[in-house]
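Undergrad: File name query-v7.cif; file contents mmCIF, C-alpha atoms; chains and numbers go by the auth columns; full text below.
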```cif
data_work
#
loop_
_atom_site.group_PDB
_atom_site.id
_atom_site.type_symbol
_atom_site.label_atom_id
_atom_site.label_comp_id
_atom_site.label_asym_id
_atom_site.label_seq_id
_atom_site.Cartn_x
_atom_site.Cartn_y
_atom_site.Cartn_z
_atom_site.B_iso_or_equiv
_atom_site.auth_seq_id
_atom_site.auth_asym_id
ATOM 1 C CA MET A 1 0.000 0.000 0.000 0.00 1 A
ATOM 2 C CA LYS A 2 2.872 2.368 0.816 0.00 2 A
ATOM 3 C CA SER A 3 4.452 1.751 -2.603 0.00 3 A
ATOM 4 C CA PHE A 4 1.105 2.432 -4.303 0.00 4 A
ATOM 5 C CA LEU A 5 0.759 5.664 -2.337 0.00 5 A
ATOM 6 C CA GLY A 6 4.383 6.617 -3.198 0.00 6 A
ATOM 7 C CA ILE A 7 3.801 5.989 -6.919 0.00 7 A
ATOM 8 C CA PHE A 8 0.534 7.943 -6.759 0.00 8 A
ATOM 9 C CA VAL A 9 2.269 10.931 -5.101 0.00 9 A
ATOM 10 C CA LEU A 10 5.128 10.773 -7.652 0.00 10 A
ATOM 11 C CA MET A 11 2.691 10.687 -10.586 0.00 11 A
ATOM 12 C CA LEU A 12 0.707 13.564 -9.083 0.00 12 A
ATOM 13 C CA PHE A 13 3.917 15.573 -8.671 0.00 13 A
ATOM 14 C CA LEU A 14 4.945 14.898 -12.283 0.00 14 A
ATOM 15 C CA LEU A 15 1.481 15.769 -13.534 0.00 15 A
ATOM 16 C CA VAL A 16 1.464 19.082 -11.684 0.00 16 A
ATOM 17 C CA SER A 17 5.029 20.013 -12.660 0.00 17 A
ATOM 18 C CA CYS A 18 4.608 19.109 -16.348 0.00 18 A
ATOM 19 C CA GLY A 19 1.067 20.395 -16.710 0.00 19 A
ATOM 20 C CA GLY A 20 1.839 23.982 -15.779 0.00 20 A
ATOM 21 C CA LYS A 21 1.267 26.926 -18.040 0.00 21 A
ATOM 22 C CA LYS A 22 2.842 26.624 -21.439 0.00 22 A
ATOM 23 C CA GLU A 23 5.147 29.432 -22.370 0.00 23 A
ATOM 24 C CA VAL A 24 3.624 31.387 -25.226 0.00 24 A
ATOM 25 C CA LYS A 25 6.259 32.725 -27.562 0.00 25 A
ATOM 26 C CA LYS A 26 5.598 35.989 -29.284 0.00 26 A
ATOM 27 C CA GLU A 27 5.505 35.934 -33.045 0.00 27 A
ATOM 28 C CA SER A 28 8.670 37.426 -34.505 0.00 28 A
ATOM 29 C CA VAL A 29 8.647 40.463 -36.769 0.00 29 A
ATOM 30 C CA GLU A 30 10.101 38.350 -39.568 0.00 30 A
ATOM 31 C CA SER A 31 7.304 35.818 -39.215 0.00 31 A
ATOM 32 C CA LYS A 32 4.684 38.562 -39.438 0.00 32 A
ATOM 33 C CA ILE A 33 6.323 40.018 -42.546 0.00 33 A
ATOM 34 C CA ALA A 34 6.501 36.586 -44.209 0.00 34 A
ATOM 35 C CA LYS A 35 2.808 35.936 -43.480 0.00 35 A
ATOM 36 C CA GLU A 36 1.880 39.371 -44.837 0.00 36 A
ATOM 37 C CA ALA A 37 3.884 38.758 -48.024 0.00 37 A
ATOM 38 C CA PHE A 38 2.208 35.424 -48.692 0.00 38 A
ATOM 39 C CA ALA A 39 -1.227 36.907 -47.914 0.00 39 A
ATOM 40 C CA ILE A 40 -0.655 39.686 -50.473 0.00 40 A
ATOM 41 C CA VAL A 41 0.419 37.182 -53.128 0.00 41 A
ATOM 42 C CA GLU A 42 -2.688 35.084 -52.358 0.00 42 A
ATOM 43 C CA ILE A 43 -4.915 38.161 -52.689 0.00 43 A
ATOM 44 C CA VAL A 44 -3.363 38.963 -56.064 0.00 44 A
ATOM 45 C CA LYS A 45 -3.717 35.347 -57.216 0.00 45 A
ATOM 46 C CA ASN A 46 -7.401 35.225 -56.229 0.00 46 A
ATOM 47 C CA ALA A 47 -8.060 38.577 -57.904 0.00 47 A
ATOM 48 C CA TYR A 48 -6.341 37.308 -61.077 0.00 48 A
ATOM 49 C CA MET A 49 -8.574 34.241 -61.091 0.00 49 A
ATOM 50 C CA LYS A 50 -11.642 36.531 -60.851 0.00 50 A
ATOM 51 C CA ASN A 51 -10.358 39.135 -63.366 0.00 51 A
ATOM 52 C CA ASP A 52 -10.546 41.693 -60.532 0.00 52 A
ATOM 53 C CA ILE A 53 -8.192 44.393 -61.806 0.00 53 A
ATOM 54 C CA ASN A 54 -9.040 46.832 -58.975 0.00 54 A
ATOM 55 C CA THR A 55 -7.849 44.416 -56.279 0.00 55 A
ATOM 56 C CA ILE A 56 -4.725 43.583 -58.280 0.00 56 A
ATOM 57 C CA GLU A 57 -3.986 47.297 -58.673 0.00 57 A
ATOM 58 C CA LYS A 58 -4.347 47.930 -54.908 0.00 58 A
ATOM 59 C CA ASN A 59 -1.829 45.184 -54.095 0.00 59 A
ATOM 60 C CA THR A 60 0.814 45.830 -56.757 0.00 60 A
ATOM 61 C CA THR A 61 3.135 48.561 -57.940 0.00 61 A
ATOM 62 C CA LYS A 62 2.783 49.862 -61.512 0.00 62 A
ATOM 63 C CA GLU A 63 5.430 47.377 -62.660 0.00 63 A
ATOM 64 C CA GLY A 64 3.732 44.509 -60.850 0.00 64 A
ATOM 65 C CA LEU A 65 0.350 45.443 -62.283 0.00 65 A
ATOM 66 C CA ALA A 66 1.741 45.353 -65.825 0.00 66 A
ATOM 67 C CA LEU A 67 3.265 41.891 -65.265 0.00 67 A
ATOM 68 C CA ILE A 68 0.025 40.433 -63.948 0.00 68 A
ATOM 69 C CA THR A 69 -2.578 42.026 -66.211 0.00 69 A
ATOM 70 C CA ALA A 70 -0.777 41.677 -69.559 0.00 70 A
ATOM 71 C CA ASP A 71 -2.442 38.307 -70.321 0.00 71 A
ATOM 72 C CA LEU A 72 -5.444 38.636 -68.030 0.00 72 A
ATOM 73 C CA ARG A 73 -8.239 38.218 -70.566 0.00 73 A
ATOM 74 C CA LYS A 74 -6.703 35.406 -72.618 0.00 74 A
ATOM 75 C CA PHE A 75 -8.545 32.624 -70.762 0.00 75 A
ATOM 76 C CA ASN A 76 -12.087 31.627 -69.861 0.00 76 A
ATOM 77 C CA SER A 77 -11.218 30.315 -66.380 0.00 77 A
ATOM 78 C CA VAL A 78 -8.190 29.468 -64.291 0.00 78 A
ATOM 79 C CA ASP A 79 -7.397 27.492 -61.157 0.00 79 A
ATOM 80 C CA LEU A 80 -4.083 28.440 -59.542 0.00 80 A
ATOM 81 C CA SER A 81 -2.465 27.189 -56.355 0.00 81 A
ATOM 82 C CA PHE A 82 0.677 28.513 -54.665 0.00 82 A
ATOM 83 C CA LYS A 83 2.919 26.865 -52.093 0.00 83 A
ATOM 84 C CA PRO A 84 5.465 29.074 -50.305 0.00 84 A
ATOM 85 C CA ILE A 85 8.993 27.668 -50.299 0.00 85 A
ATOM 86 C CA TRP A 86 11.328 30.366 -49.027 0.00 86 A
ATOM 87 C CA VAL A 87 11.183 33.963 -47.807 0.00 87 A
ATOM 88 C CA GLU A 88 14.042 36.452 -47.629 0.00 88 A
ATOM 89 C CA ILE A 89 13.486 39.705 -45.811 0.00 89 A
ATOM 90 C CA GLU A 90 15.749 42.609 -46.669 0.00 90 A
ATOM 91 C CA SER A 91 15.626 46.184 -45.448 0.00 91 A
ATOM 92 C CA ASN A 92 13.581 47.495 -48.374 0.00 92 A
ATOM 93 C CA ARG A 93 11.961 44.409 -49.902 0.00 93 A
ATOM 94 C CA VAL A 94 10.687 40.887 -49.335 0.00 94 A
ATOM 95 C CA ILE A 95 11.568 38.029 -51.685 0.00 95 A
ATOM 96 C CA LEU A 96 8.999 35.214 -51.683 0.00 96 A
ATOM 97 C CA ASN A 97 9.689 31.967 -53.550 0.00 97 A
ATOM 98 C CA VAL A 98 6.637 29.855 -54.383 0.00 98 A
ATOM 99 C CA THR A 99 5.930 26.784 -56.432 0.00 99 A
ATOM 100 C CA TRP A 100 2.692 26.949 -58.350 0.00 100 A
ATOM 101 C CA LYS A 101 0.304 24.813 -60.368 0.00 101 A
ATOM 102 C CA GLY A 102 -2.296 26.143 -62.730 0.00 102 A
ATOM 103 C CA LYS A 103 -5.029 24.951 -65.043 0.00 103 A
ATOM 104 C CA TRP A 104 -6.331 27.402 -67.638 0.00 104 A
ATOM 105 C CA GLN A 105 -9.452 26.875 -69.697 0.00 105 A
ATOM 106 C CA LYS A 106 -9.167 28.658 -73.033 0.00 106 A
ATOM 107 C CA ASP A 107 -12.028 28.061 -75.440 0.00 107 A
ATOM 108 C CA LEU A 108 -12.175 24.242 -75.642 0.00 108 A
ATOM 109 C CA ASN A 109 -8.574 23.694 -74.557 0.00 109 A
ATOM 110 C CA THR A 110 -7.257 22.995 -71.068 0.00 110 A
ATOM 111 C CA ILE A 111 -3.685 24.025 -70.345 0.00 111 A
ATOM 112 C CA ASP A 112 -1.856 22.616 -67.302 0.00 112 A
ATOM 113 C CA GLU A 113 1.336 24.347 -66.204 0.00 113 A
ATOM 114 C CA SER A 114 3.503 24.457 -63.113 0.00 114 A
ATOM 115 C CA GLY A 115 6.662 26.191 -62.060 0.00 115 A
ATOM 116 C CA MET A 116 8.482 28.262 -59.506 0.00 116 A
ATOM 117 C CA ALA A 117 8.099 32.016 -59.202 0.00 117 A
ATOM 118 C CA VAL A 118 9.978 34.585 -57.172 0.00 118 A
ATOM 119 C CA PHE A 119 7.821 37.498 -56.035 0.00 119 A
ATOM 120 C CA ILE A 120 9.536 40.725 -55.051 0.00 120 A
ATOM 121 C CA LEU A 121 7.384 42.813 -52.715 0.00 121 A
ATOM 122 C CA LYS A 122 8.150 46.334 -51.525 0.00 122 A
ATOM 123 C CA ASP A 123 6.577 49.424 -49.922 0.00 123 A
ATOM 124 C CA LYS A 124 4.489 49.643 -46.776 0.00 124 A
ATOM 125 C CA PRO A 125 2.057 48.011 -46.848 0.00 125 A
ATOM 126 C CA LEU A 126 3.730 45.375 -49.008 0.00 126 A
ATOM 127 C CA ARG A 127 2.846 45.277 -52.704 0.00 127 A
ATOM 128 C CA VAL A 128 3.975 42.962 -55.506 0.00 128 A
ATOM 129 C CA ASP A 129 6.610 44.756 -57.577 0.00 129 A
ATOM 130 C CA LYS A 130 8.279 42.079 -59.709 0.00 130 A
ATOM 131 C CA ILE A 131 7.874 38.428 -60.590 0.00 131 A
ATOM 132 C CA LEU A 132 11.042 36.572 -61.521 0.00 132 A
ATOM 133 C CA ARG A 133 11.610 33.120 -62.996 0.00 133 A
ATOM 134 C CA ASN A 134 8.376 31.462 -64.126 0.00 134 A
ATOM 135 C CA ASN A 135 5.555 34.016 -63.856 0.00 135 A
ATOM 136 C CA PRO A 136 2.260 32.137 -63.300 0.00 136 A
ATOM 137 C CA PHE A 137 0.310 35.088 -64.689 0.00 137 A
ATOM 138 C CA GLU A 138 1.825 34.771 -68.203 0.00 138 A
ATOM 139 C CA PHE A 139 -0.254 31.743 -69.150 0.00 139 A
ATOM 140 C CA PRO A 140 -1.854 30.568 -71.319 0.00 140 A
ATOM 141 C CA LYS A 141 0.573 31.362 -74.114 0.00 141 A
#
```
Re-express the file's structure as structure tokens.

TA:
Amino acid sequence: MKSFLGIFVLMLFLLVSCGGKKEVKKESVESKIAKEAFAIVEIVKNAYMKNDINTIEKNTTKEGLALITADLRKFNSVDLSFKPIWVEIESNRVILNVTWKGKWQKDLNTIDESGMAVFILKDKPLRVDKILRNNPFEFPK
């Protein structure tokens, strides 16, 4: 009985000591900036899929707007998905690397493409300025 009571007290002690308040870590500034950058790119992507030029314009610079809207009306519908891979935060810009997959419906044709794009965002609040490598908004060709 004493050993049972000893084990019970030990388990109770461990439960109390391990079950205390969890330390909540504050989100870092870099983490907030990375989340904001990806959210902006998602907003632009969704606006592109809806042909919503006003939303694209609000979230891009003039250069970014030109890159995204150049081929905007060359499809009937599109389904795009982005997956963030890497974020670099510099003093005056954020570089967001994403892989993407897209399916464009153009007349009776379906075009499947995928690639990797590098979004350069700048200003406050962040706005898409450039798209390097494989721009997902250039399709269908």

Undergrad: Let me make sure I understand: among A:Ile120, A:Leu126, A:Val29, A:Val24, which one has the smallest atom-to-atom distance to Lys58 in chain A if we use all atoms listed in the file?

TA: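 Going through A:Ile120, A:Leu126, A:Val29, A:Val24 one by one, the smallest distance to Lys58 in chain A is for A:Leu126.
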
Undergrad: So, with all atoms listed in the file as the atoms that count, which of A:Ser91, A:Thr69, A:Thr60, A:Ser81 lies closest to Trp104 in chain A?

TA: A:Ser81

Undergrad: What does the structure give for the distance between CA of Ser28 in chain A and CA of Gly64 in chain A, in Å to one decimal?

TA: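 Computing it gives 27.7 Å between the two atoms.
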
Undergrad: Name all residues at most 9 Å from Lys45 in chain A (count only C-alpha atoms; drop same-chain ones fewer than 4 positions away) and give them as a PDB file with C-alpha atoms, in the coordinates of the input.

TA:
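Contents of around26.pdb, as written:
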```
ATOM      1  CA  ILE A  40      -0.655  39.686 -50.473  1.00  0.00           C
ATOM      2  CA  VAL A  41       0.419  37.182 -53.128  1.00  0.00           C
ATOM      3  CA  MET A  49      -8.574  34.241 -61.091  1.00  0.00           C
ATOM      4  CA  LYS A  50     -11.642  36.531 -60.851  1.00  0.00           C
ATOM      5  CA  ILE A  56      -4.725  43.583 -58.280  1.00  0.00           C
ATOM      6  CA  LEU A  80      -4.083  28.440 -59.542  1.00  0.00           C
ATOM      7  CA  SER A  81      -2.465  27.189 -56.355  1.00  0.00           C
ATOM      8  CA  PHE A  82       0.677  28.513 -54.665  1.00  0.00           C
ATOM      9  CA  PHE A 137       0.310  35.088 -64.689  1.00  0.00           C
TER      10      PHE A 137
END
```

Undergrad: CA of Ile85 in chain A and CA of Arg127 in chain A, how far apart in Å?

TA: 18.8 Å

Undergrad: Rank A:Ala39, A:Ile95, A:Val78, A:Val44 by their smallest atom-to-atom distance to Asn59 in chain A, using all atoms listed in the file, and report the top residue only.

TA: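 Of A:Ala39, A:Ile95, A:Val78, A:Val44, the one nearest Asn59 in chain A is A:Val44, counting all atoms listed in the file.
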
Undergrad: Kindly indicate which residue among A:Asn97, A:Asn92, A:Thr61, A:Asn109 lies nearest to Lys130 in chain A, using all atoms listed in the file for the distances.

TA: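 Ranking A:Asn97, A:Asn92, A:Thr61, A:Asn109 by distance to Lys130 in chain A, first place goes to A:Thr61.
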
Undergrad: Within 9 Å of Val118 in chain A, counting all atoms listed in the file, which residues qualify if same-chain residues fewer than 3 places away don't, as a compact mmCIF listing (two decimals) with C-alpha atoms, in the frame of the given file?

TA:
```txt
# COMPACT_ATOMS: atom_id res chain seq x y z
CA ILE A 95 11.57 38.03 -51.68
CA LEU A 96 9.00 35.21 -51.68
CA ASN A 97 9.69 31.97 -53.55
CA VAL A 98 6.64 29.86 -54.38
CA THR A 99 5.93 26.78 -56.43
CA LYS A 130 8.28 42.08 -59.71
CA ILE A 131 7.87 38.43 -60.59
CA LEU A 132 11.04 36.57 -61.52
CA ARG A 133 11.61 33.12 -63.00
CA ASN A 134 8.38 31.46 -64.13
CA ASN A 135 5.56 34.02 -63.86
```

Undergrad: Please report the interatomic distance between CA of Ser114 in chain A and CA of Glu30 in chain A in Å with one decimal.

TA: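 Between these atoms lies a distance of 28.1 Å.
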
Undergrad: My list of candidates is A:Lys26, A:Asn46, A:Gln105, A:Asn51. Which is closest to Leu72 in chain A when distances are computed with only C-alpha atoms?

TA: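 Nearest candidate to Leu72 in chain A out of A:Lys26, A:Asn46, A:Gln105, A:Asn51: A:Asn51.
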
Undergrad: Using all atoms listed in the file, which residue out of A:Lys74, A:Lys32, A:Lys83, A:Lys124 lies closest to Trp100 in chain A?

TA: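 Comparing A:Lys74, A:Lys32, A:Lys83, A:Lys124 against Trp100 in chain A, the winner is A:Lys83.
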